[in-house]
Amino acid sequence: MKITLLAALILCPVFARADFVKVVSPSTAQTFSYSDVTWHTLRWNPATRHLSAYLTFSNYQYVTHFEPLHEEDYQFVFPGVKFDQATNTFFVTSRYGHRVPVARLGNAFVGIEPLPGTVINIFKESGKVTVVLTASTIPPRYSWHLHWLEENEGFFLNNAVNAGIAALR
C-alpha cells in the first residue's frame, strides 16, 4: 500500500503544488500618457539589498516639429526579494514558506535575467505607472516566454491600432 501511494505521488504531477508570488512595487511614477517603455532592466543594489526594475519611457511615436523627444528614467523597487549568493539566484518566499526563484545573476554582459515563470508587469493609466513582479515555481509550457509586459489604459496610438485590427477580424 505504501509503495503504491509513493509511486502515485512520484508519477502523478497533479499532487505537485505550484507556488505563486506577487510583489507590488511601492514605487510609482507619473510619466507622459502617450509614452512607451523603450528600455528595461533589473538591478541589484548590494548596499540596500533591493532588486529594482529600471525603466525608460519615451514619446518617440509622437515626436513632431512641435513636440520634441522626451525620455524619462524611473526605478521601481521590489521589496521582499532576496539574493542567494551560493546559487546566484534572486527569490521571494511564498506564503507557504517555499523559495520561489525569480531571477538569476548572469555574467557582466547578461546582468540579471528573469527566470522562466517570472513576469514583470508594467501598468500605466493616464501616465501613472505601477510595476508588479509575479513568479511561479512551474514555468510556462511554451518554449518562448515574455518577461516584460506593458499594459496601457486610456486612448493612445497602440490601443487605437489594436482596436482597429480587432474590428477588422
# chains A, B, ... in the order shown; residues from 1 in each chain; ligands from 1
>>> closest_atom_pairs(of="range 108-157 of chain A", to="range 51-67 of chain A", cutoff="12 Å", atoms="only C-alpha atoms", output="Markdown table")
| residue | atom | partner | partner_atom | distance |
| --- | --- | --- | --- | --- |
| A:Ile112 | CA | A:Leu51 | CA | 9.7 |
| A:Glu113 | CA | A:Ala53 | CA | 11.3 |
| A:Pro114 | CA | A:Ala53 | CA | 11.0 |
| A:Val119 | CA | A:Ala53 | CA | 11.6 |
| A:Ile120 | CA | A:Ala53 | CA | 8.5 |
| A:Asn121 | CA | A:Ala53 | CA | 10.5 |
| A:Ile122 | CA | A:Leu55 | CA | 9.4 |
| A:Lys124 | CA | A:Phe57 | CA | 10.8 |
| A:Gly127 | CA | A:Phe57 | CA | 10.2 |
| A:Lys128 | CA | A:Phe57 | CA | 11.8 |
| A:Val129 | CA | A:Phe57 | CA | 10.3 |
| A:Thr130 | CA | A:Ala53 | CA | 11.2 |
| A:Val131 | CA | A:Ala53 | CA | 8.3 |
| A:Val132 | CA | A:Ala53 | CA | 9.7 |
| A:Leu133 | CA | A:Ala53 | CA | 9.3 |
| A:His147 | CA | A:Ala53 | CA | 11.9 |
| A:Trp148 | CA | A:Ala53 | CA | 10.3 |
| A:Glu150 | CA | A:Leu55 | CA | 11.0 |
| A:Phe156 | CA | A:Tyr62 | CA | 10.0 |
| A:Leu157 | CA | A:Gln61 | CA | 8.3 |
>>> residues_around(residues="Phe20 in chain A", least_positions_apart="3", cutoff="8 Å", atoms="only C-alpha atoms", output="PyMOL selection string")
chain A and resi 94+100+134-137
>>> write_last_selection(atoms="all heavy atoms", output="PDB file, in the first residue's frame")
ATOM      1  N   SER A  94       7.329  32.328  -0.560  1.00  0.00           N
ATOM      2  CA  SER A  94       5.881  32.264  -0.755  1.00  0.00           C
ATOM      3  C   SER A  94       5.169  32.223   0.584  1.00  0.00           C
ATOM      4  O   SER A  94       5.792  32.064   1.634  1.00  0.00           O
ATOM      5  CB  SER A  94       5.514  31.024  -1.578  1.00  0.00           C
ATOM      6  OG  SER A  94       5.637  29.856  -0.785  1.00  0.00           O
ATOM      7  N   VAL A 100      10.670  30.875  -4.060  1.00  0.00           N
ATOM      8  CA  VAL A 100      10.272  30.929  -5.467  1.00  0.00           C
ATOM      9  C   VAL A 100      11.327  31.759  -6.193  1.00  0.00           C
ATOM     10  O   VAL A 100      11.403  32.965  -6.009  1.00  0.00           O
ATOM     11  CB  VAL A 100       8.870  31.552  -5.633  1.00  0.00           C
ATOM     12  CG1 VAL A 100       8.505  31.639  -7.113  1.00  0.00           C
ATOM     13  CG2 VAL A 100       7.836  30.762  -4.854  1.00  0.00           C
ATOM     14  N   THR A 134       5.604  39.068 -10.804  1.00  0.00           N
ATOM     15  CA  THR A 134       4.937  37.815 -10.466  1.00  0.00           C
ATOM     16  C   THR A 134       5.847  36.663 -10.874  1.00  0.00           C
ATOM     17  O   THR A 134       6.598  36.771 -11.850  1.00  0.00           O
ATOM     18  CB  THR A 134       3.575  37.659 -11.177  1.00  0.00           C
ATOM     19  OG1 THR A 134       3.770  37.693 -12.577  1.00  0.00           O
ATOM     20  CG2 THR A 134       2.608  38.745 -10.751  1.00  0.00           C
ATOM     21  N   ALA A 135       5.770  35.572 -10.129  1.00  0.00           N
ATOM     22  CA  ALA A 135       6.584  34.401 -10.457  1.00  0.00           C
ATOM     23  C   ALA A 135       5.891  33.141  -9.963  1.00  0.00           C
ATOM     24  O   ALA A 135       5.134  33.171  -8.992  1.00  0.00           O
ATOM     25  CB  ALA A 135       7.969  34.510  -9.812  1.00  0.00           C
ATOM     26  N   SER A 136       6.179  32.045 -10.641  1.00  0.00           N
ATOM     27  CA  SER A 136       5.617  30.749 -10.286  1.00  0.00           C
ATOM     28  C   SER A 136       6.729  29.712 -10.316  1.00  0.00           C
ATOM     29  O   SER A 136       7.680  29.838 -11.084  1.00  0.00           O
ATOM     30  CB  SER A 136       4.516  30.368 -11.283  1.00  0.00           C
ATOM     31  OG  SER A 136       4.070  29.056 -11.031  1.00  0.00           O
ATOM     32  N   THR A 137       6.584  28.693  -9.494  1.00  0.00           N
ATOM     33  CA  THR A 137       7.584  27.625  -9.483  1.00  0.00           C
ATOM     34  C   THR A 137       7.419  26.690 -10.672  1.00  0.00           C
ATOM     35  O   THR A 137       8.317  25.925 -10.981  1.00  0.00           O
ATOM     36  CB  THR A 137       7.498  26.792  -8.185  1.00  0.00           C
ATOM     37  OG1 THR A 137       6.151  26.329  -8.021  1.00  0.00           O
ATOM     38  CG2 THR A 137       7.923  27.615  -6.989  1.00  0.00           C
TER      39      THR A 137
END
>>> atom_distance(atom1="CA of Gly80 in chain A", atom2="CA of Leu105 in chain A")
17.0 Å
>>> atom_distance(atom1="CA of Leu146 in chain A", atom2="CA of Ala103 in chain A")
13.5 Å
>>> residues_around(residues="Asn88 in chain A", least_positions_apart="5", cutoff="8 Å", atoms="only C-alpha atoms", output="number ranges by chain")
A: 83, 104-106
